[in-house]
Every structure is written in structure tokens, then in C-alpha cells.
$ cat final.csv   # CSV, C-alpha atoms
chain,number,residue,atom,x,y,z
A,287,MET,CA,27.0,38.6,0.8
A,288,SER,CA,27.9,35.0,0.0
A,289,LEU,CA,31.1,34.2,-1.8
A,290,ASN,CA,29.4,31.1,-3.3
A,291,THR,CA,28.6,31.2,-7.0
A,292,PRO,CA,24.9,31.4,-7.9
A,293,LEU,CA,24.9,27.8,-9.0
A,294,ARG,CA,26.4,26.6,-5.7
A,295,GLN,CA,23.7,28.5,-3.8
A,296,VAL,CA,20.8,26.6,-5.5
A,297,LEU,CA,22.4,23.2,-5.7
A,298,GLY,CA,20.7,20.8,-3.3
A,299,LEU,CA,17.7,23.1,-2.7
A,300,GLY,CA,15.6,21.7,-5.5
A,301,SER,CA,14.9,18.1,-6.5
A,302,ALA,CA,18.4,17.7,-7.9
A,303,ARG,CA,17.0,15.0,-10.1
A,304,SER,CA,16.2,12.6,-7.3
A,305,GLY,CA,12.5,13.7,-7.4
A,306,VAL,CA,12.1,12.1,-10.8
A,307,GLN,CA,13.4,8.8,-9.5
A,308,HIS,CA,11.0,8.8,-6.6
A,309,TRP,CA,8.1,9.6,-8.9
A,310,TRP,CA,9.2,6.9,-11.4
A,311,LEU,CA,9.6,4.2,-8.8
A,312,GLN,CA,6.2,4.9,-7.3
A,313,ARG,CA,4.7,4.5,-10.8
A,314,LEU,CA,6.8,1.4,-11.5
A,315,THR,CA,5.8,-0.3,-8.3
A,316,SER,CA,2.1,0.7,-8.8
A,317,VAL,CA,2.1,-0.9,-12.3
A,318,ALA,CA,3.6,-4.1,-10.8
A,319,LEU,CA,1.1,-4.1,-7.9
A,320,VAL,CA,-1.9,-4.1,-10.1
A,321,PRO,CA,-1.5,-7.7,-11.3
A,322,LEU,CA,0.3,-8.9,-8.1
A,323,SER,CA,-2.4,-7.6,-5.7
A,324,ILE,CA,-5.2,-8.9,-7.9
A,325,TRP,CA,-3.5,-12.3,-8.0
A,326,PHE,CA,-3.1,-12.3,-4.2
A,327,THR,CA,-6.7,-11.4,-3.5
A,328,VAL,CA,-8.1,-13.9,-6.0
A,329,SER,CA,-5.8,-16.6,-4.7
A,330,LEU,CA,-6.8,-16.0,-1.1
A,331,LEU,CA,-10.5,-16.0,-2.0
A,332,CYS,CA,-10.1,-19.2,-4.0
A,333,LEU,CA,-8.5,-21.2,-1.1
A,334,PRO,CA,-11.1,-23.6,0.3
A,335,ALA,CA,-10.2,-22.7,3.8
A,336,LEU,CA,-7.6,-20.6,5.7
A,337,ASP,CA,-6.4,-23.4,8.0
A,338,HIS,CA,-2.7,-24.2,8.4
A,339,ALA,CA,-2.6,-27.2,6.1
A,340,THR,CA,-4.3,-25.4,3.2
A,341,VAL,CA,-2.3,-22.2,3.5
A,342,THR,CA,1.1,-24.0,3.8
A,343,ALA,CA,0.3,-26.2,0.9
A,344,TRP,CA,-0.6,-23.2,-1.2
A,345,MET,CA,2.5,-21.2,-0.1
A,346,SER,CA,4.9,-24.1,-0.5
A,347,GLN,CA,4.2,-24.1,-4.3
A,348,GLY,CA,7.1,-22.5,-6.0
A,349,LEU,CA,5.0,-20.0,-8.0
A,350,SER,CA,2.9,-18.9,-5.1
A,351,ALA,CA,6.1,-18.3,-2.9
A,352,LEU,CA,7.8,-16.4,-5.7
A,353,LEU,CA,4.8,-14.2,-6.4
A,354,LEU,CA,4.3,-13.6,-2.7
A,355,VAL,CA,7.9,-12.5,-2.3
A,356,LEU,CA,7.4,-10.1,-5.3
A,357,LEU,CA,4.1,-8.8,-3.8
A,358,VAL,CA,5.6,-8.2,-0.4
A,359,LEU,CA,8.7,-6.4,-1.7
A,360,THR,CA,6.8,-4.3,-4.2
A,361,ALA,CA,4.1,-3.4,-1.7
A,362,THR,CA,6.5,-2.4,1.1
A,363,TRP,CA,8.5,-0.4,-1.4
A,364,HIS,CA,5.4,1.4,-2.8
A,365,SER,CA,4.2,2.0,0.8
A,366,ARG,CA,7.6,3.4,1.9
A,367,LEU,CA,7.5,5.9,-1.0
A,368,GLY,CA,3.9,6.9,-0.2
A,369,VAL,CA,4.4,7.2,3.6
A,370,GLN,CA,7.5,9.3,2.9
A,371,VAL,CA,5.5,11.9,0.9
A,372,VAL,CA,2.8,12.0,3.5
A,373,ILE,CA,5.4,12.7,6.3
A,374,GLU,CA,7.1,15.3,4.1
A,375,ASP,CA,3.8,17.0,3.4
A,376,TYR,CA,2.4,17.2,6.9
A,377,VAL,CA,5.2,17.1,9.4
A,378,HIS,CA,6.9,20.5,9.4
A,379,GLY,CA,9.5,20.5,12.2
A,380,ALA,CA,12.8,19.4,10.7
A,381,GLY,CA,13.8,17.2,13.6
A,382,ALA,CA,10.4,15.5,13.9
A,383,ARG,CA,10.3,15.0,10.2
A,384,THR,CA,13.7,13.5,9.9
A,385,LEU,CA,13.0,11.2,12.9
A,386,LEU,CA,9.7,10.0,11.4
A,387,LEU,CA,11.2,9.4,8.0
A,388,VAL,CA,14.0,7.3,9.5
A,389,LEU,CA,11.6,5.3,11.6
A,390,ALA,CA,9.2,4.8,8.7
A,391,GLY,CA,12.1,3.6,6.6
A,392,PHE,CA,13.3,1.2,9.2
A,393,ALA,CA,9.7,-0.1,9.8
A,394,HIS,CA,9.2,-0.8,6.1
A,395,VAL,CA,12.6,-2.6,5.7
A,396,PHE,CA,11.7,-4.7,8.8
A,397,LEU,CA,8.3,-5.6,7.5
A,398,ALA,CA,9.7,-6.6,4.1
A,399,ALA,CA,12.5,-8.7,5.7
A,400,ALA,CA,10.1,-10.4,8.1
A,401,ALA,CA,7.5,-11.2,5.5
A,402,VAL,CA,10.1,-12.6,3.0
A,403,PHE,CA,11.7,-14.7,5.8
A,404,ALA,CA,8.3,-16.2,6.6
A,405,ILE,CA,7.5,-17.0,3.0
A,406,LEU,CA,10.9,-18.6,2.3
A,407,LYS,CA,10.7,-20.6,5.5
A,408,LEU,CA,7.5,-22.1,4.3
A,409,ALA,CA,8.7,-22.5,0.8
A,410,PHE,CA,11.9,-24.3,1.7
A,411,GLY,CA,11.0,-26.1,4.9
A,412,ARG,CA,7.9,-27.9,6.1
A,413,GLY,CA,6.8,-24.8,8.0
A,414,ALA,CA,7.5,-26.4,11.4
B,283,MET,CA,16.2,27.1,6.9
B,284,PRO,CA,15.0,29.7,4.4
B,285,SER,CA,11.2,30.1,4.2
B,286,ARG,CA,10.2,28.8,0.8
B,287,PRO,CA,6.7,28.2,-0.5
B,288,LEU,CA,5.3,24.9,1.0
B,289,SER,CA,2.6,22.7,-0.5
B,290,PRO,CA,-0.1,21.7,0.1
B,291,HIS,CA,-2.1,24.9,0.8
B,292,LEU,CA,-5.3,23.0,1.5
B,293,SER,CA,-7.2,26.0,2.8
B,294,VAL,CA,-7.0,28.0,-0.4
B,295,TYR,CA,-9.1,25.6,-2.5
B,296,LYS,CA,-12.8,25.7,-2.9
B,297,PHE,CA,-14.3,22.4,-1.9
B,298,LYS,CA,-15.1,20.1,-4.8
B,299,TYR,CA,-15.6,16.3,-4.8
B,300,THR,CA,-12.5,15.7,-6.9
B,301,LEU,CA,-10.7,16.9,-3.8
B,302,VAL,CA,-12.3,14.1,-1.8
B,303,SER,CA,-11.2,11.5,-4.4
B,304,SER,CA,-7.6,12.8,-4.0
B,305,ILE,CA,-7.5,12.7,-0.2
B,306,LEU,CA,-9.3,9.3,-0.1
B,307,ASN,CA,-6.5,7.9,-2.2
B,308,ARG,CA,-4.0,9.1,0.4
B,309,PHE,CA,-6.1,7.8,3.3
B,310,SER,CA,-6.6,4.4,1.7
B,311,GLY,CA,-2.8,4.2,1.0
B,312,ILE,CA,-2.0,4.9,4.6
B,313,ALA,CA,-4.6,2.3,5.7
B,314,LEU,CA,-3.0,-0.3,3.4
B,315,SER,CA,0.4,0.6,4.8
B,316,VAL,CA,-1.0,-0.4,8.2
B,317,GLY,CA,-2.5,-3.5,6.6
B,318,LEU,CA,1.0,-4.5,5.6
B,319,ILE,CA,1.7,-5.0,9.3
B,320,ALA,CA,-1.2,-7.3,9.6
B,321,LEU,CA,-0.2,-9.2,6.5
B,322,THR,CA,3.4,-9.7,7.8
B,323,TYR,CA,2.0,-10.8,11.2
B,324,TRP,CA,-0.2,-13.4,9.5
B,325,LEU,CA,2.7,-14.7,7.3
B,326,LEU,CA,4.9,-15.0,10.3
B,327,ALA,CA,2.2,-16.8,12.2
B,328,VAL,CA,1.7,-19.3,9.3
B,329,ALA,CA,5.4,-19.9,9.2
B,330,SER,CA,5.6,-20.5,12.9
B,331,GLY,CA,3.3,-23.5,12.7
B,332,ALA,CA,-0.2,-24.6,13.2
B,333,ARG,CA,-0.6,-23.5,16.8
B,334,ALA,CA,0.7,-20.0,16.1
B,335,GLN,CA,-1.6,-19.7,13.1
B,336,ALA,CA,-4.6,-20.8,15.0
B,337,GLN,CA,-3.9,-18.1,17.6
B,338,ALA,CA,-3.5,-15.5,14.8
B,339,GLN,CA,-6.7,-16.8,13.2
B,340,ALA,CA,-8.5,-16.4,16.5
B,341,LEU,CA,-7.2,-12.9,16.9
B,342,LEU,CA,-8.2,-12.0,13.3
B,343,SER,CA,-11.7,-13.3,13.9
B,344,THR,CA,-12.6,-10.9,16.7
B,345,PRO,CA,-15.2,-8.3,15.7
B,346,LEU,CA,-12.7,-5.5,15.8
B,347,ALA,CA,-10.2,-7.4,13.6
B,348,ARG,CA,-13.1,-8.2,11.2
B,349,LEU,CA,-13.9,-4.5,11.0
B,350,PHE,CA,-10.3,-3.8,10.3
B,351,LEU,CA,-10.1,-6.4,7.6
B,352,ALA,CA,-13.3,-5.1,6.0
B,353,ALA,CA,-11.7,-1.6,6.0
B,354,MET,CA,-8.6,-3.1,4.3
B,355,VAL,CA,-10.8,-4.6,1.5
B,356,ILE,CA,-12.5,-1.2,1.0
B,357,ALA,CA,-9.1,0.6,1.1
B,358,PHE,CA,-7.6,-1.9,-1.4
B,359,CYS,CA,-10.5,-1.6,-3.9
B,360,TYR,CA,-10.4,2.2,-3.8
B,361,HIS,CA,-6.6,2.5,-3.9
B,362,LEU,CA,-6.4,0.0,-6.8
B,363,VAL,CA,-8.9,1.8,-9.0
B,364,ALA,CA,-7.8,5.3,-8.0
B,365,GLY,CA,-4.2,4.2,-8.7
B,366,VAL,CA,-5.1,3.2,-12.3
B,367,ARG,CA,-6.7,6.6,-12.7
B,368,HIS,CA,-3.4,8.2,-11.7
B,369,LEU,CA,-1.5,6.0,-14.2
B,370,VAL,CA,-3.9,7.1,-16.9
B,371,TRP,CA,-3.2,10.7,-15.9
B,372,ASP,CA,0.5,10.1,-16.1
B,373,THR,CA,0.1,9.4,-19.8
B,374,GLY,CA,-1.2,13.0,-20.1
B,375,ARG,CA,-4.8,11.8,-20.7
B,376,GLY,CA,-7.9,12.7,-18.8
B,377,LEU,CA,-6.5,15.8,-17.1
B,378,GLU,CA,-9.2,18.2,-18.4
B,379,ARG,CA,-11.5,19.4,-15.6
B,380,THR,CA,-14.7,17.8,-16.8
B,381,THR,CA,-13.0,14.5,-17.6
B,382,ALA,CA,-11.3,14.4,-14.2
B,383,GLN,CA,-14.7,15.1,-12.5
B,384,LYS,CA,-16.3,12.3,-14.5
B,385,SER,CA,-13.4,9.9,-13.7
B,386,ALA,CA,-13.7,10.7,-10.0
B,387,TRP,CA,-17.3,9.3,-10.1
B,388,LEU,CA,-16.2,6.4,-12.2
B,389,VAL,CA,-13.5,5.5,-9.7
B,390,GLY,CA,-16.0,5.6,-6.8
B,391,LEU,CA,-18.4,3.5,-8.7
B,392,LEU,CA,-15.9,0.9,-9.9
B,393,SER,CA,-14.3,0.5,-6.5
B,394,ILE,CA,-17.8,0.0,-4.9
B,395,VAL,CA,-18.6,-2.7,-7.5
B,396,LEU,CA,-15.2,-4.4,-6.8
B,397,MET,CA,-15.8,-4.2,-3.1
B,398,LEU,CA,-19.3,-5.7,-3.4
B,399,LEU,CA,-17.9,-8.5,-5.5
B,400,ILE,CA,-15.2,-9.4,-2.9
B,401,PHE,CA,-17.7,-9.2,0.0
B,402,TYR,CA,-20.2,-11.3,-1.9
B,403,TRP,CA,-17.5,-13.9,-2.6
B,404,LEU,CA,-16.5,-14.0,1.0
B,405,TRP,CA,-20.1,-14.2,2.2
B,406,ARG,CA,-20.9,-17.1,-0.3
B,407,GLY,CA,-17.6,-19.0,0.5
B,408,GLY,CA,-17.8,-18.2,4.2
B,409,HIS,CA,-14.2,-18.6,5.0
B,410,ALA,CA,-13.4,-15.1,6.1
B,411,PRO,CA,-11.0,-15.2,9.0
$ encode --input "final.csv" --output "C-alpha cells"
Amino acid sequence: MSLNTPLRQVLGLGSARSGVQHWWLQRLTSVALVPLSIWFTVSLLCLPALDHATVTAWMSQGLSALLLVLLVLTATWHSRLGVQVVIEDYVHGAGARTLLLVLAGFAHVFLAAAAVFAILKLAFGRGA
Amino acid sequence: MPSRPLSPHLSVYKFKYTLVSSILNRFSGIALSVGLIALTYWLLAVASGARAQAQAQALLSTPLARLFLAAMVIAFCYHLVAGVRHLVWDTGRGLERTTAQKSAWLVGLLSIVLMLLIFYWLWRGGHAP
């Protein structure tokens, strides 16, 4: 017999409101990704070539760099939320699940940071 | 940990193609997550200079990499269109069974059209990596 109140016993077992935030952020990022990903695809397809000079010239334009940063951040965020759900759905061992969630989180933050670093380096410098 | 009901119970459902449209969205999403690694690699290569980018470009031009990039285009088209279907659902519309079955076909059709458009553009322009 537990001495905890009934409320105390269920707190933390359910979504405790954070589930809505996850759901909402996934929608918000997906709405943002519709125009951003279409812009990125069309821009790449419209480049006359994919050699270094052409790509750096395109990426050093302020607007391209800004939209690229937004695209990379939104996409990695959306990806992190999605991968998290997949791991939670299919990995059942508590230890393995926690480990995978942490690793996936780190990997996404690393990808976002590396991509933003690359874009800013090109936008601010001459890209070596 | 107390044993609570866990989802998804995939085995209790009768097979129906709407089920395929759902799992394809998940697969294409995971594929695109892998694609983010390639995108970041490419961006870093471009930022590291002409030589590094030429190396990356050579790597991305191998048959295996081309296959991977083609898969990315397919996954992107499907995930984009299927994602819009989800956003429509979130407004409470199109959730009736017959409508959802029709929209599953529509998503398949639209994503194939989008895919063909991109491949045609690439083939015509000829600058695929």
C-alpha cells in the first residue's frame, strides 16, 4: 500500500503536457519546411553547375545563407523529433532506448552545428 | 516498470494500403534523417575549399552515391506530400475512412509526379553530382 496520494501516483506517468509540445513543434517545423525545402530544391536545380565557384557564389549571398541556416536548423529539429518517436516506438529495453535517444539527440545537435558553421564560414569569409 | 499498454500493435491490424502510406512516411522520414548527414558533409566540403569539394563531388558521383541521392529525391517527394496530408488531417478534415483511402492514392500519385519532374529537370540540365 503506497502512502502517496492518488495524484502523486499518476504524475509523470502520462504526457504531463510535454506531449503536446512535441506534437506542436513537429507540426510547426513541418509547416516551415514546406517552403524552405522547396526553395532549397528549386535553388539547387536552378544552379548552372555544382562546382565550387558557383556554389560558393550562391551561398555567399545573404538571403541564400540565411534561408540555408533556417532550413538546416528546422530540418534537424524536425528530424530529431521524428527519430525520437521512432526510437520510443520500436526500442523497448529501457537502457537501450535511453542510450539511443541520447545518441540521436547528440548526433542531431552536432549535424546542426556543423552545417551552420559551414554555411556561416562561406557567408562571412571567402570560403578558403 | 509497470506494464502498461504499448503502441503500436502492428499485428492486430488487417492489411490495407493506407497502412503502407503511413509506414512509408516513417521510412522516408528516417531516410531523410540519414540524408541530413550527406547534406552536412557536402556543406562542410564546400566550406573547406575547392579541393575538398571536388573530392566530395567525386564521392557523390559514384554509382552507389547516385543511387542514394535518387532515393533521397524519392523520399523527399513522398515525405513532403504525405506531410501536407498530415497537416490537413490536423485541421480535423479528411479523416473519414473513404476520404483517407482516396488521399492515400492522391499522395502516391502527386509524389510520383513531383519525383518525375525533378528527375526530368536533372536529366535535362545534366548537372546531377
$ residues_around --input "final.csv" --residues "Ala336 in chain B" --least-positions-apart "3" --cutoff "12 Å" --atoms "all atoms listed in the file" --output "PyMOL selection string"
(chain A and resi 336-339+341) or (chain B and resi 324+327-333+339-343+411)
$ interface_residues --input "final.csv" --of "chain A" --to "chain B" --cutoff "10 Å" --atoms "only C-alpha atoms" --output "VMD selection string"
chain A and resid 313 to 314 316 to 317 319 to 320 323 to 324 327 to 328 330 to 339 341 to 342 345 358 361 to 362 364 to 366 368 to 369 371 to 372 374 to 376 378 380 393 to 394 396 to 409 411 to 414
$ closest_residue --input "final.csv" --among "A:Ile373, A:Leu353, A:Val395, A:Ala343" --to "Pro321 in chain A" --atoms "only C-alpha atoms"
A:Leu353
$ residues_around --input "final.csv" --residues "Val302 in chain B" --least-positions-apart "6" --cutoff "12 Å" --atoms "all atoms listed in the file" --output "PyMOL selection string"
chain B and resi 292+295-296+308-310+364+383+386-387+389-390
$ residues_around --input "final.csv" --residues "Ser385 in chain B" --least-positions-apart "6" --cutoff "10 Å" --atoms "only C-alpha atoms" --output "NGL selection string"
:B and (300 or 303 or 364 or 367 or 376-377 or 379 or 391)
$ atom_distance --input "final.csv" --atom1 "CA of Trp344 in chain A" --atom2 "CA of Leu356 in chain A"
15.9 Å
$ atom_distance --input "final.csv" --atom1 "CA of Gly348 in chain A" --atom2 "CA of Gln312 in chain A"
27.4 Å
$ atom_distance --input "final.csv" --atom1 "CA of Leu389 in chain A" --atom2 "CA of Gly305 in chain A"
20.8 Å
$ decode --input "final.csv" --residues "range 292-377 of chain B" --atoms "C-alpha atoms" --output "CSV table (one decimal), in the first residue's frame"
chain,number,residue,atom,x,y,z
B,292,LEU,CA,1.0,-3.7,-35.7
B,293,SER,CA,0.0,-7.3,-35.8
B,294,VAL,CA,-3.7,-6.7,-34.8
B,295,TYR,CA,-4.5,-4.7,-37.9
B,296,LYS,CA,-5.9,-6.2,-41.1
B,297,PHE,CA,-3.6,-5.2,-44.0
B,298,LYS,CA,-4.8,-2.2,-46.0
B,299,TYR,CA,-2.9,0.1,-48.3
B,300,THR,CA,-3.5,3.1,-46.1
B,301,LEU,CA,-1.2,1.3,-43.7
B,302,VAL,CA,1.5,1.3,-46.4
B,303,SER,CA,1.1,5.1,-46.8
B,304,SER,CA,1.6,5.5,-43.1
B,305,ILE,CA,4.8,3.4,-42.8
B,306,LEU,CA,6.2,4.9,-46.0
B,307,ASN,CA,6.0,8.3,-44.4
B,308,ARG,CA,8.1,7.0,-41.5
B,309,PHE,CA,10.6,5.2,-43.7
B,310,SER,CA,11.0,8.3,-45.9
B,311,GLY,CA,11.5,10.4,-42.8
B,312,ILE,CA,14.2,8.1,-41.5
B,313,ALA,CA,15.8,8.1,-44.9
B,314,LEU,CA,15.8,11.9,-45.0
B,315,SER,CA,17.4,12.0,-41.5
B,316,VAL,CA,20.3,10.0,-43.0
B,317,GLY,CA,20.2,12.4,-45.9
B,318,LEU,CA,20.9,15.2,-43.4
B,319,ILE,CA,24.3,13.6,-42.8
B,320,ALA,CA,25.1,13.8,-46.5
B,321,LEU,CA,23.9,17.4,-46.7
B,322,THR,CA,26.1,18.4,-43.8
B,323,TYR,CA,29.0,16.6,-45.3
B,324,TRP,CA,28.5,18.4,-48.6
B,325,LEU,CA,28.2,21.8,-46.9
B,326,LEU,CA,31.4,21.2,-44.9
B,327,ALA,CA,33.2,20.1,-48.0
B,328,VAL,CA,32.1,23.3,-49.9
B,329,ALA,CA,33.2,25.4,-46.9
B,330,SER,CA,36.6,23.7,-46.8
B,331,GLY,CA,37.6,24.8,-50.3
B,332,ALA,CA,37.6,23.8,-53.9
B,333,ARG,CA,39.8,20.7,-53.4
B,334,ALA,CA,37.7,19.3,-50.6
B,335,GLN,CA,34.5,20.0,-52.6
B,336,ALA,CA,36.0,18.3,-55.7
B,337,GLN,CA,36.7,15.2,-53.6
B,338,ALA,CA,33.1,15.3,-52.2
B,339,GLN,CA,31.7,15.7,-55.6
B,340,ALA,CA,33.7,12.7,-56.9
B,341,LEU,CA,32.4,10.6,-53.9
B,342,LEU,CA,28.9,11.7,-54.6
B,343,SER,CA,29.2,10.8,-58.3
B,344,THR,CA,29.9,7.1,-57.6
B,345,PRO,CA,27.0,4.8,-58.7
B,346,LEU,CA,26.2,3.9,-55.1
B,347,ALA,CA,26.1,7.5,-54.1
B,348,ARG,CA,23.9,8.4,-57.1
B,349,LEU,CA,21.5,5.6,-56.1
B,350,PHE,CA,21.5,7.1,-52.6
B,351,LEU,CA,20.8,10.6,-53.9
B,352,ALA,CA,18.0,9.3,-56.1
B,353,ALA,CA,16.5,7.5,-53.0
B,354,MET,CA,16.7,10.9,-51.2
B,355,VAL,CA,14.8,12.6,-54.0
B,356,ILE,CA,12.1,9.9,-53.8
B,357,ALA,CA,11.9,10.1,-50.0
B,358,PHE,CA,11.8,13.9,-50.1
B,359,CYS,CA,8.9,14.0,-52.6
B,360,TYR,CA,6.9,11.4,-50.7
B,361,HIS,CA,7.6,12.9,-47.2
B,362,LEU,CA,6.7,16.4,-48.5
B,363,VAL,CA,3.3,15.4,-50.0
B,364,ALA,CA,2.4,12.9,-47.2
B,365,GLY,CA,3.4,15.6,-44.6
B,366,VAL,CA,0.9,18.0,-46.2
B,367,ARG,CA,-1.7,15.2,-45.9
B,368,HIS,CA,-0.9,15.0,-42.2
B,369,LEU,CA,-1.3,18.8,-41.8
B,370,VAL,CA,-4.7,18.7,-43.4
B,371,TRP,CA,-5.7,15.9,-41.0
B,372,ASP,CA,-4.6,18.1,-38.1
B,373,THR,CA,-7.3,20.6,-39.0
B,374,GLY,CA,-9.8,17.7,-38.5
B,375,ARG,CA,-10.5,17.3,-42.2
B,376,GLY,CA,-10.2,14.2,-44.3
B,377,LEU,CA,-10.2,11.7,-41.5
